[in-house]
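Worksheet: the structure to be examined is printed underneath.
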Amino acid sequence: MFKAITSRPLWVNLIVGVLLAVALFALFLLSLNWITGHGKSATVPAVTGKSYEEAKSILKKAGFEVEIQDSIYVDTVRALSVIKQIPEADEVVKSNRIVFLVICRAVPPEVEMPNLSGYSFRNAEMVLKSLDLRVGDTTFKPDFARNAVLEQWYNGAVINPGTKIRKGSVISLVLGDGIGNQEFPVPTITGMTYCQAKEALGSMGLIIGSVITMSDVKDTCNAFIYRQVPQKFDEEKRLLRIRSGQTIDVWLQSDKPVADTTAKTTD
């Protein structure tokens, strides 16, 4: 064979070489469509919300390869179900293309329990939601801090801040009902200015309720309280009691009232 090649003129060998190269290139182009599936397309089926195994089976039957791109945790989605697919459903793409899936994790990741003590219920709810934790039962106990978190519970026991728990866990909250459990005598605020009384009552966890003013009152803060309800004594001169979180209604006038020194305590 080598002798036949060398015995031919050079120009003949060149032409044969060129023809052979063209033939090989043409063969490559013709086979390229078959290798790459050029011109063949398929519609991506919808698999979002289905289990991974079910989605994999559907995509395989449609002629697609399947790979898991990522796994994330969503507490409202079934474990190992498809959250997202790439390409999306009903897209027309080349056959044999890889469809990437994002699935829901089977085991939720852990987070640290925050310290919700002192938070309002609304703020505590927002914090728990940001950590993918859920609010469970809410109960109340006497405390003048109305709707403030007093205790945080998990699985029937108080949970300390920093404890590792799974996302999706249910946290129960104990809130203040706005009324303390310790009773004490109603304070006398008659004769005080409105601002003095507000500060004094605030230190005891009491709140000024209704405010009724005389027509001559121009400066509420420096107006004097001439009547309060409840008063320190009832009509029979018995000492009345109050709890934190309760209110006292006041009546205001411009002049300081004369103190009543005739009240006496009756058991």
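In the structure tokens, chains take the letters A, B, ... in the order shown, each chain's residues start at 1, and ligands count up from 1 in the order shown.
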
Going by DSSP on the backbone, which residues of stretch 187-264 of chain A come out as strand (DSSP E or B)? List them as number ranges by chain. A: 193, 207-213, 224-229, 233, 238-239, 241-243, 247-253

Please tabulate, as a Markdown table, the residues of stretch 53-86 of chain A that come within 10 Å of stretch 117-139 of chain A, each with its closest pair of atoms and the distance in Å to one decimal, counting only C-alpha atoms and ordering rows by chain, then residue number upward.
| residue | atom | partner | partner_atom | distance |
| --- | --- | --- | --- | --- |
| A:Tyr73 | CA | A:Asp132 | CA | 9.1 |
| A:Val74 | CA | A:Asp132 | CA | 8.1 |
| A:Asp75 | CA | A:Asp132 | CA | 7.4 |

Taking the chain letters and numbering used in this document, name the residues of stretch 32-228 of chain A that DSSP puts in alpha helix (DSSP H), as a ChimeraX atom specification. /A:32-36,52-61,121-130,194-203

Go ahead and write the residues just picked, N, CA and C atoms, as an mmCIF file, in the first residue's frame.
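What follows is the written file part_27.cif:
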data_model
loop_
_atom_site.group_PDB
_atom_site.id
_atom_site.type_symbol
_atom_site.label_atom_id
_atom_site.label_comp_id
_atom_site.auth_asym_id
_atom_site.auth_seq_id
_atom_site.Cartn_x
_atom_site.Cartn_y
_atom_site.Cartn_z
ATOM 1 N N LEU A 32 -23.301 14.956 13.523
ATOM 2 C CA LEU A 32 -23.424 15.921 14.627
ATOM 3 C C LEU A 32 -24.874 16.096 15.058
ATOM 4 N N ASN A 33 -25.774 16.185 14.083
ATOM 5 C CA ASN A 33 -27.194 16.321 14.412
ATOM 6 C C ASN A 33 -27.696 15.137 15.228
ATOM 7 N N TRP A 34 -27.228 13.945 14.853
ATOM 8 C CA TRP A 34 -27.643 12.742 15.587
ATOM 9 C C TRP A 34 -27.070 12.728 16.990
ATOM 10 N N ILE A 35 -25.779 13.158 17.126
ATOM 11 C CA ILE A 35 -25.119 13.145 18.436
ATOM 12 C C ILE A 35 -25.760 14.149 19.383
ATOM 13 N N THR A 36 -25.998 15.376 18.900
ATOM 14 C CA THR A 36 -26.490 16.457 19.765
ATOM 15 C C THR A 36 -28.005 16.531 19.840
ATOM 16 N N TYR A 52 -39.784 13.938 45.051
ATOM 17 C CA TYR A 52 -38.604 13.854 44.190
ATOM 18 C C TYR A 52 -38.641 12.613 43.313
ATOM 19 N N GLU A 53 -39.003 11.474 43.875
ATOM 20 C CA GLU A 53 -39.027 10.233 43.101
ATOM 21 C C GLU A 53 -40.064 10.299 41.986
ATOM 22 N N GLU A 54 -41.223 10.871 42.285
ATOM 23 C CA GLU A 54 -42.259 11.004 41.270
ATOM 24 C C GLU A 54 -41.812 11.960 40.169
ATOM 25 N N ALA A 55 -41.211 13.074 40.560
ATOM 26 C CA ALA A 55 -40.728 14.052 39.586
ATOM 27 C C ALA A 55 -39.640 13.452 38.700
ATOM 28 N N LYS A 56 -38.747 12.704 39.315
ATOM 29 C CA LYS A 56 -37.661 12.056 38.568
ATOM 30 C C LYS A 56 -38.218 11.087 37.532
ATOM 31 N N SER A 57 -39.212 10.302 37.917
ATOM 32 C CA SER A 57 -39.821 9.343 37.008
ATOM 33 C C SER A 57 -40.494 10.051 35.827
ATOM 34 N N ILE A 58 -41.217 11.125 36.099
ATOM 35 C CA ILE A 58 -41.922 11.862 35.046
ATOM 36 C C ILE A 58 -40.933 12.466 34.056
ATOM 37 N N LEU A 59 -39.866 13.065 34.581
ATOM 38 C CA LEU A 59 -38.879 13.719 33.710
ATOM 39 C C LEU A 59 -38.099 12.696 32.881
ATOM 40 N N LYS A 60 -37.778 11.568 33.483
ATOM 41 C CA LYS A 60 -37.065 10.513 32.753
ATOM 42 C C LYS A 60 -37.903 10.001 31.579
ATOM 43 N N LYS A 61 -39.186 9.795 31.825
ATOM 44 C CA LYS A 61 -40.071 9.315 30.773
ATOM 45 C C LYS A 61 -40.205 10.332 29.636
ATOM 46 N N PHE A 121 -46.128 40.924 72.044
ATOM 47 C CA PHE A 121 -46.519 39.724 71.310
ATOM 48 C C PHE A 121 -46.278 39.883 69.816
ATOM 49 N N ARG A 122 -46.581 41.048 69.267
ATOM 50 C CA ARG A 122 -46.398 41.283 67.831
ATOM 51 C C ARG A 122 -44.928 41.162 67.441
ATOM 52 N N ASN A 123 -44.028 41.783 68.230
ATOM 53 C CA ASN A 123 -42.594 41.705 67.922
ATOM 54 C C ASN A 123 -42.064 40.280 68.068
ATOM 55 N N ALA A 124 -42.521 39.583 69.108
ATOM 56 C CA ALA A 124 -42.090 38.192 69.306
ATOM 57 C C ALA A 124 -42.524 37.327 68.138
ATOM 58 N N GLU A 125 -43.735 37.554 67.650
ATOM 59 C CA GLU A 125 -44.252 36.801 66.516
ATOM 60 C C GLU A 125 -43.387 37.032 65.277
ATOM 61 N N MET A 126 -42.961 38.281 65.060
ATOM 62 C CA MET A 126 -42.120 38.615 63.904
ATOM 63 C C MET A 126 -40.751 37.954 64.010
ATOM 64 N N VAL A 127 -40.176 37.955 65.214
ATOM 65 C CA VAL A 127 -38.865 37.334 65.414
ATOM 66 C C VAL A 127 -38.931 35.839 65.147
ATOM 67 N N LEU A 128 -39.951 35.181 65.685
ATOM 68 C CA LEU A 128 -40.101 33.738 65.475
ATOM 69 C C LEU A 128 -40.289 33.419 63.993
ATOM 70 N N LYS A 129 -41.075 34.225 63.320
ATOM 71 C CA LYS A 129 -41.319 33.993 61.894
ATOM 72 C C LYS A 129 -40.034 34.140 61.093
ATOM 73 N N SER A 130 -39.193 35.111 61.445
ATOM 74 C CA SER A 130 -37.938 35.319 60.718
ATOM 75 C C SER A 130 -36.980 34.144 60.885
ATOM 76 N N TYR A 194 -51.554 67.104 86.970
ATOM 77 C CA TYR A 194 -51.752 65.950 86.083
ATOM 78 C C TYR A 194 -50.430 65.242 85.804
ATOM 79 N N CYS A 195 -49.373 65.990 85.487
ATOM 80 C CA CYS A 195 -48.084 65.372 85.157
ATOM 81 C C CYS A 195 -47.448 64.712 86.371
ATOM 82 N N GLN A 196 -47.606 65.316 87.568
ATOM 83 C CA GLN A 196 -47.089 64.687 88.788
ATOM 84 C C GLN A 196 -47.797 63.351 89.036
ATOM 85 N N ALA A 197 -49.112 63.340 88.882
ATOM 86 C CA ALA A 197 -49.889 62.126 89.124
ATOM 87 C C ALA A 197 -49.548 61.050 88.099
ATOM 88 N N LYS A 198 -49.388 61.435 86.848
ATOM 89 C CA LYS A 198 -49.061 60.467 85.793
ATOM 90 C C LYS A 198 -47.739 59.780 86.088
ATOM 91 N N GLU A 199 -46.752 60.540 86.546
ATOM 92 C CA GLU A 199 -45.441 59.962 86.873
ATOM 93 C C GLU A 199 -45.544 59.047 88.090
ATOM 94 N N ALA A 200 -46.278 59.495 89.125
ATOM 95 C CA ALA A 200 -46.421 58.698 90.346
ATOM 96 C C ALA A 200 -47.157 57.393 90.064
ATOM 97 N N LEU A 201 -48.229 57.448 89.293
ATOM 98 C CA LEU A 201 -48.992 56.241 88.981
ATOM 99 C C LEU A 201 -48.180 55.293 88.095
ATOM 100 N N GLY A 202 -47.406 55.847 87.161
ATOM 101 C CA GLY A 202 -46.587 55.017 86.289
ATOM 102 C C GLY A 202 -45.590 54.183 87.064
ATOM 103 N N SER A 203 -45.049 54.735 88.148
ATOM 104 C CA SER A 203 -44.088 53.990 88.963
ATOM 105 C C SER A 203 -44.740 52.820 89.689
#

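In terms of minimum interatomic distance to A:Lys167, A:Val107 ranks closest within A:Val107, A:Ala79, A:Ile15, A:Leu240, counting only C-alpha atoms.
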
Taking 6 positions as the minimum chain separation for residues in the same chain, which residues sit within 12 Å of A:Arg78 when counting only C-alpha atoms? Answer as a ChimeraX atom specification. /A:48-52,72,103-108

With a distance cut-off of 10 Å and only C-alpha atoms, select the neighbouring residues of stretch 209-223 of chain A, excluding the residue or stretch itself and same-chain residues fewer than 2 positions from it, and output the selection as an MDAnalysis selection string. chainID A and resid 191:198 206:207 225:229 246:256

Name the residues in contact with A:Val66 at a cut-off of 7 Å, using only C-alpha atoms, excluding same-chain residues fewer than 5 positions from it; report them as a list of chain:residue names. A:Lys56, A:Ile98, A:Val99, A:Phe100

Selection from above, N, CA and C atoms, as a PDB file, in the first residue's frame, can you write it?
ATOM      1  N   LYS A  56     -38.747  12.704  39.315  1.00  0.00           N
ATOM      2  CA  LYS A  56     -37.661  12.056  38.568  1.00  0.00           C
ATOM      3  C   LYS A  56     -38.218  11.087  37.532  1.00  0.00           C
ATOM      4  N   ILE A  98     -30.741  18.542  30.854  1.00  0.00           N
ATOM      5  CA  ILE A  98     -30.824  18.292  32.295  1.00  0.00           C
ATOM      6  C   ILE A  98     -31.831  19.255  32.917  1.00  0.00           C
ATOM      7  N   VAL A  99     -32.738  18.730  33.706  1.00  0.00           N
ATOM      8  CA  VAL A  99     -33.670  19.555  34.485  1.00  0.00           C
ATOM      9  C   VAL A  99     -33.178  19.562  35.926  1.00  0.00           C
ATOM     10  N   PHE A 100     -32.916  20.756  36.453  1.00  0.00           N
ATOM     11  CA  PHE A 100     -32.412  20.911  37.813  1.00  0.00           C
ATOM     12  C   PHE A 100     -33.587  21.138  38.774  1.00  0.00           C
TER      13      PHE A 100
END

Can you pull out every residue within 9 Å of A:Lys164, counting only C-alpha atoms, but drop anything in the same chain fewer than 5 positions away, and send it as JSON, numbers by chain? {"A": [110, 111, 112, 113]}

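Among the candidates A:Val158, A:Ala148, A:Val93, A:Ala21, the one nearest to A:Asp177 when counting only C-alpha atoms is A:Ala148.
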
Minimum-distance residue to A:Met204, chosen among A:Leu24, A:Ile242, A:Leu80, A:Val44 (using only C-alpha atoms):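 Comparing A:Leu24, A:Ile242, A:Leu80, A:Val44 against A:Met204, the winner is A:Ile242.
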
I need the residue nearest A:Lys141 from this list: A:Thr76, A:Asn181, A:Ser41, A:Gln85. Use only C-alpha atoms for the distance.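 Under the stated criterion, the closest residue is A:Asn181.
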
d(atom CA of A:Glu67, atom CA of A:Arg97) in Å: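 About the pair atom CA of A:Glu67 and atom CA of A:Arg97: they are 10.6 Å apart.
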
Just to confirm, what's the straight-line distance from atom CA of A:Gln231 to atom CA of A:Ala145 in Å (one decimal)? 23.5 Å

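Proximity of A:Gly245, A:Pro230, A:Gly205, A:Gly178 to A:Val149, computed with only C-alpha atoms, is greatest for A:Gly178.
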
Take atom CA of A:Asn155 and atom CA of A:Ser81 and report the distance between them in Å, one decimal.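 Here the two named atoms are 27.1 Å from each other.
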